[in-house]
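> The structure is given below, and queries will be raised subsequently.
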Amino acid sequence: MAKRRLTRQQKWRIEKIQQERADRARRREARAEALDETGDLGPEQKGLLIAHFGQQVEVEPVPRPAGSTTWRCFVRANVDTLVTGDEVIWREDHQHPGQGVVVARAPRRSELCRPDAYGQLKPVAANIDQIVVVIAAEPEPFPLLIDRYLVAAETAGIPATLVLNKSDLLPSHPELQRRLAFYGELGYPTVMASTLTQDGLEALRSLMADKTSVLVGQSGVGKSSLIKMLLPDEDIRIGGLSEHTRKGRHTTTSARLFHIPSGGALVDSPGIRDFGLWHITEQELESGFVEFRPYLGHCRFRDCRHEQEPGCALRDAVSRGDIHPDRFDNFLHIRQTLSEVDMRGN
Ligand SMILES: Nc1nc2c(ncn2[C@@H]2O[C@H](COP(=O)(O)OP(=O)(O)OP(=O)(O)O)[C@@H](O)[C@H]2O)c(=O)[nH]1
Ligand SMILES: [Mg+2]
Ligand SMILES: [Zn+2]
């Protein structure tokens, strides 16, 4: 893990948060124990975690009953942190209709993590098959955000795809289309879409079919709007951009899973401005740039930093045109920031 130096105030904030978390866990435990004592809990059954709200989670039985019903559940204190997409074991609370208790969590097949505002690594969603990075002409893509997401996806071993939304605005932003094509050449599936004109609807449907996808990207790019276009019957909040800054308003505040009736699921997630990568190693960063992989380990010096060293396989590939100079620059930029903790908040 990267070295971090925390100020006294930051340390105090982290301790305070940990204290609050411990208090919350104790309260949850008291509630779950009280339920155990009344003996009014149903048998253990499988469930899927749909959403997380403060102290409670929303759980859906597996297999899914006809008509999608969910239960609000407390979580036993010995259960690890739960996130949207987690498979759980839970019990119904017969005394309080619609409520229950989560008693265990199944191991995760995959997890997408990101550092929170205090520099602590937090899972965002679990058991994800595909990370869909959404960009748009407005808000303008934050520099390096696409590459940071792709590196995070490669490191987590989750396939990534790119969606360029708001294609109706593209005539005034031709460079974005070129950028999308560039990532397509690297091997990432790409789709252009517009929730305004319904452009790309079929391409999106086939991209999302039969898997669990999480939509990520800056606030206001239209993640929720895309889900609403695919699932018009769902009740999903969509927020306008700020008139003044043309940025999103952080409308979606927590991750939520939506089923696709024909198979598969979509996880909506809150927009973030930046995606810190300090939790990964330099080696993971290098191989997070897929087109670098054939050259890794082929530099003359084993500890080559790919800076001024002679016989650098990566730099040679850049000068031959096999690696795009922009991606190489982005790699160097991100490497510089690996040891910095993003304390600015998301
Ligand atoms: N022009 C245009 N605007 C769109 C399109 N899709 C979404 N928008 C608008 O973009 C704004 C933000 O949409 P949301 O779907 O709330 O964005 P989000 O990515 O979910 O944002 P957060 O939940 O804050 O992360 C809304 O005003 C939408 O109407 C599109 O295809 N074209
Ligand atoms: Mg949203
Ligand atoms: Zn090198």
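Please note that chains go A, B, ... in the order of the structure tokens, that every chain numbers its residues from 1, and that ligands are numbered from 1 in the order shown.
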Using only C-alpha atoms and all ligand atoms, what are the residues with an atom within 8 Å of ligand 2, set out as an NGL selection string?

:A and (219-220 or 222-225 or 237-239 or 250-253 or 268-271)

> Please identify every polymer residue within 8 Å of ligand 3, using only C-alpha atoms and all ligand atoms, and present the set as a ChimeraX atom specification.

/A:296,298-301,303-307,309,311-315

> Store the residues picked out above in a file with N, CA, C and O atoms, as a compact mmCIF listing (two decimals), in the first residue's frame.


```txt
# COMPACT_ATOMS: atom_id res chain seq x y z
N LEU A 296 6.06 -5.70 -21.18
CA LEU A 296 6.48 -5.70 -19.77
C LEU A 296 7.46 -6.85 -19.54
O LEU A 296 7.25 -7.96 -20.03
N HIS A 298 10.45 -6.80 -20.72
CA HIS A 298 11.40 -6.86 -21.83
C HIS A 298 12.34 -5.66 -21.87
O HIS A 298 13.08 -5.49 -22.84
N CYS A 299 12.31 -4.80 -20.86
CA CYS A 299 13.25 -3.68 -20.82
C CYS A 299 14.64 -4.24 -20.47
O CYS A 299 14.74 -5.29 -19.83
N ARG A 300 15.70 -3.52 -20.89
CA ARG A 300 17.06 -4.02 -20.63
C ARG A 300 17.31 -4.16 -19.12
O ARG A 300 17.90 -5.12 -18.67
N PHE A 301 16.86 -3.17 -18.37
CA PHE A 301 17.04 -3.23 -16.91
C PHE A 301 15.77 -3.73 -16.25
O PHE A 301 14.69 -3.25 -16.56
N ASP A 303 14.71 -3.23 -13.35
CA ASP A 303 14.00 -2.23 -12.55
C ASP A 303 13.76 -0.95 -13.36
O ASP A 303 13.70 0.14 -12.81
N CYS A 304 13.65 -1.10 -14.68
CA CYS A 304 13.45 0.06 -15.57
C CYS A 304 12.23 0.86 -15.13
O CYS A 304 11.17 0.30 -14.86
N ARG A 305 12.39 2.20 -15.05
CA ARG A 305 11.25 3.06 -14.70
C ARG A 305 10.59 3.61 -15.97
O ARG A 305 9.72 4.46 -15.89
N HIS A 306 11.09 3.19 -17.10
CA HIS A 306 10.56 3.65 -18.40
C HIS A 306 10.68 5.16 -18.53
O HIS A 306 9.78 5.83 -19.03
N GLU A 307 11.80 5.70 -18.00
CA GLU A 307 12.00 7.15 -18.09
C GLU A 307 13.09 7.46 -19.11
O GLU A 307 12.80 7.60 -20.28
N GLU A 309 16.00 5.41 -19.34
CA GLU A 309 16.89 4.25 -19.46
C GLU A 309 17.02 3.79 -20.91
O GLU A 309 16.05 3.80 -21.66
N GLY A 311 17.29 1.03 -23.86
CA GLY A 311 16.71 -0.31 -24.04
C GLY A 311 15.37 -0.49 -23.35
O GLY A 311 15.02 -1.60 -22.94
N CYS A 312 14.60 0.59 -23.24
CA CYS A 312 13.28 0.48 -22.59
C CYS A 312 12.26 0.00 -23.63
O CYS A 312 11.98 0.69 -24.62
N ALA A 313 11.74 -1.18 -23.40
CA ALA A 313 10.81 -1.79 -24.37
C ALA A 313 9.54 -0.97 -24.54
O ALA A 313 8.98 -0.90 -25.64
N LEU A 314 9.09 -0.34 -23.45
CA LEU A 314 7.86 0.45 -23.53
C LEU A 314 8.08 1.70 -24.39
O LEU A 314 7.30 2.00 -25.28
N ARG A 315 9.19 2.42 -24.09
CA ARG A 315 9.47 3.64 -24.87
C ARG A 315 9.73 3.32 -26.34
O ARG A 315 9.33 4.07 -27.22
```

> How many Å lie between atom CA of Asp199 of chain A and atom CA of Pro143 of chain A, rounded to one decimal?

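Spanning atom CA of Asp199 of chain A to atom CA of Pro143 of chain A is a straight-line distance of 26.0 Å.
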
> Show me, as a list in words, the residues that have an atom within 7 Å of segment 191-195 of chain A when counting only C-alpha atoms, minus same-chain residues fewer than 4 positions from it.

Leu162, Val163, Leu164, Asn165, Lys166, Ser167, Asp168, Asp199, Gly200, Leu201, Ala203, Leu204, Ser225, Leu226 and Met229 of chain A

> Would you give me, as a list of chain:residue names, the residues in segment 234-310 of chain A that DSSP reads as strand (DSSP E or B)?

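Restricting segment 234-310 of chain A to strand (DSSP E or B) produces A:Arg256, A:Leu257, A:Phe258, A:His259, A:Ala265, A:Leu266, A:Val267, A:Asp268.
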
> For the residues in the current selection, export C-alpha atoms as a PDB file, in the first residue's frame.


```pdb
ATOM      1  CA  ARG A 256     -28.808   0.044  -6.424  1.00  0.00           C
ATOM      2  CA  LEU A 257     -29.399  -3.118  -8.456  1.00  0.00           C
ATOM      3  CA  PHE A 258     -32.112  -3.370 -11.123  1.00  0.00           C
ATOM      4  CA  HIS A 259     -33.040  -6.626 -12.857  1.00  0.00           C
ATOM      5  CA  ALA A 265     -28.892  -6.817 -13.926  1.00  0.00           C
ATOM      6  CA  LEU A 266     -27.770  -3.202 -13.881  1.00  0.00           C
ATOM      7  CA  VAL A 267     -26.220  -1.479 -10.881  1.00  0.00           C
ATOM      8  CA  ASP A 268     -26.606   2.291 -10.788  1.00  0.00           C
TER       9      ASP A 268
END
```

> Quick one: of A:Gln55, A:Asn127, A:Gln308, A:Gln198, who's nearest to Ile227 of chain A, counting only C-alpha atoms?

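Selected residue with least distance to Ile227 of chain A: A:Gln198.
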
> Measuring between only C-alpha atoms, which one of A:Asn78, A:Thr281, A:Thr245, A:Ser110 shows the shortest distance to Pro139 of chain A?

A:Thr245

> Restricting the calculation to only C-alpha atoms and all ligand atoms, which member of A:Leu231, A:Leu196, A:Leu207, A:Leu332 is positioned closest to ligand 1?

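Looking at the shortest contact to ligand 1, the residue is A:Leu196.
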
> Identify, with DSSP run on backbone atoms, the residues in segment 161-315 of chain A assigned to alpha helix (DSSP H), and express the list as an MDAnalysis selection string.

chainID A and resid 174:185 201:208 223:230 282:288 313:315

> Could you jot down the atom CA of Gly297 of chain A to atom CA of Trp278 of chain A separation for me, Å, one decimal place?

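Taking atom CA of Gly297 of chain A and atom CA of Trp278 of chain A, their separation equals 22.6 Å.
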
> Which residue, A:Cys73, A:Leu338, A:Ile89, A:Ala66, has the smallest gap to Pro43 of chain A when you use only C-alpha atoms?

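Among the listed residues, A:Ile89 lies closest to Pro43 of chain A.
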
> Which polymer residues have any atom within 7 Å of an atom of segment 282-287 of chain A, counting only C-alpha atoms, with same-chain residues fewer than 3 positions away left out, as an MDAnalysis selection string?

chainID A and resid 151 155 290 292:293 335

> Between A:Ala209, A:Glu291, A:Arg13, A:Thr81, which one has atoms that come closest to Lys122 of chain A, using only C-alpha atoms?

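Closest candidate: A:Thr81.
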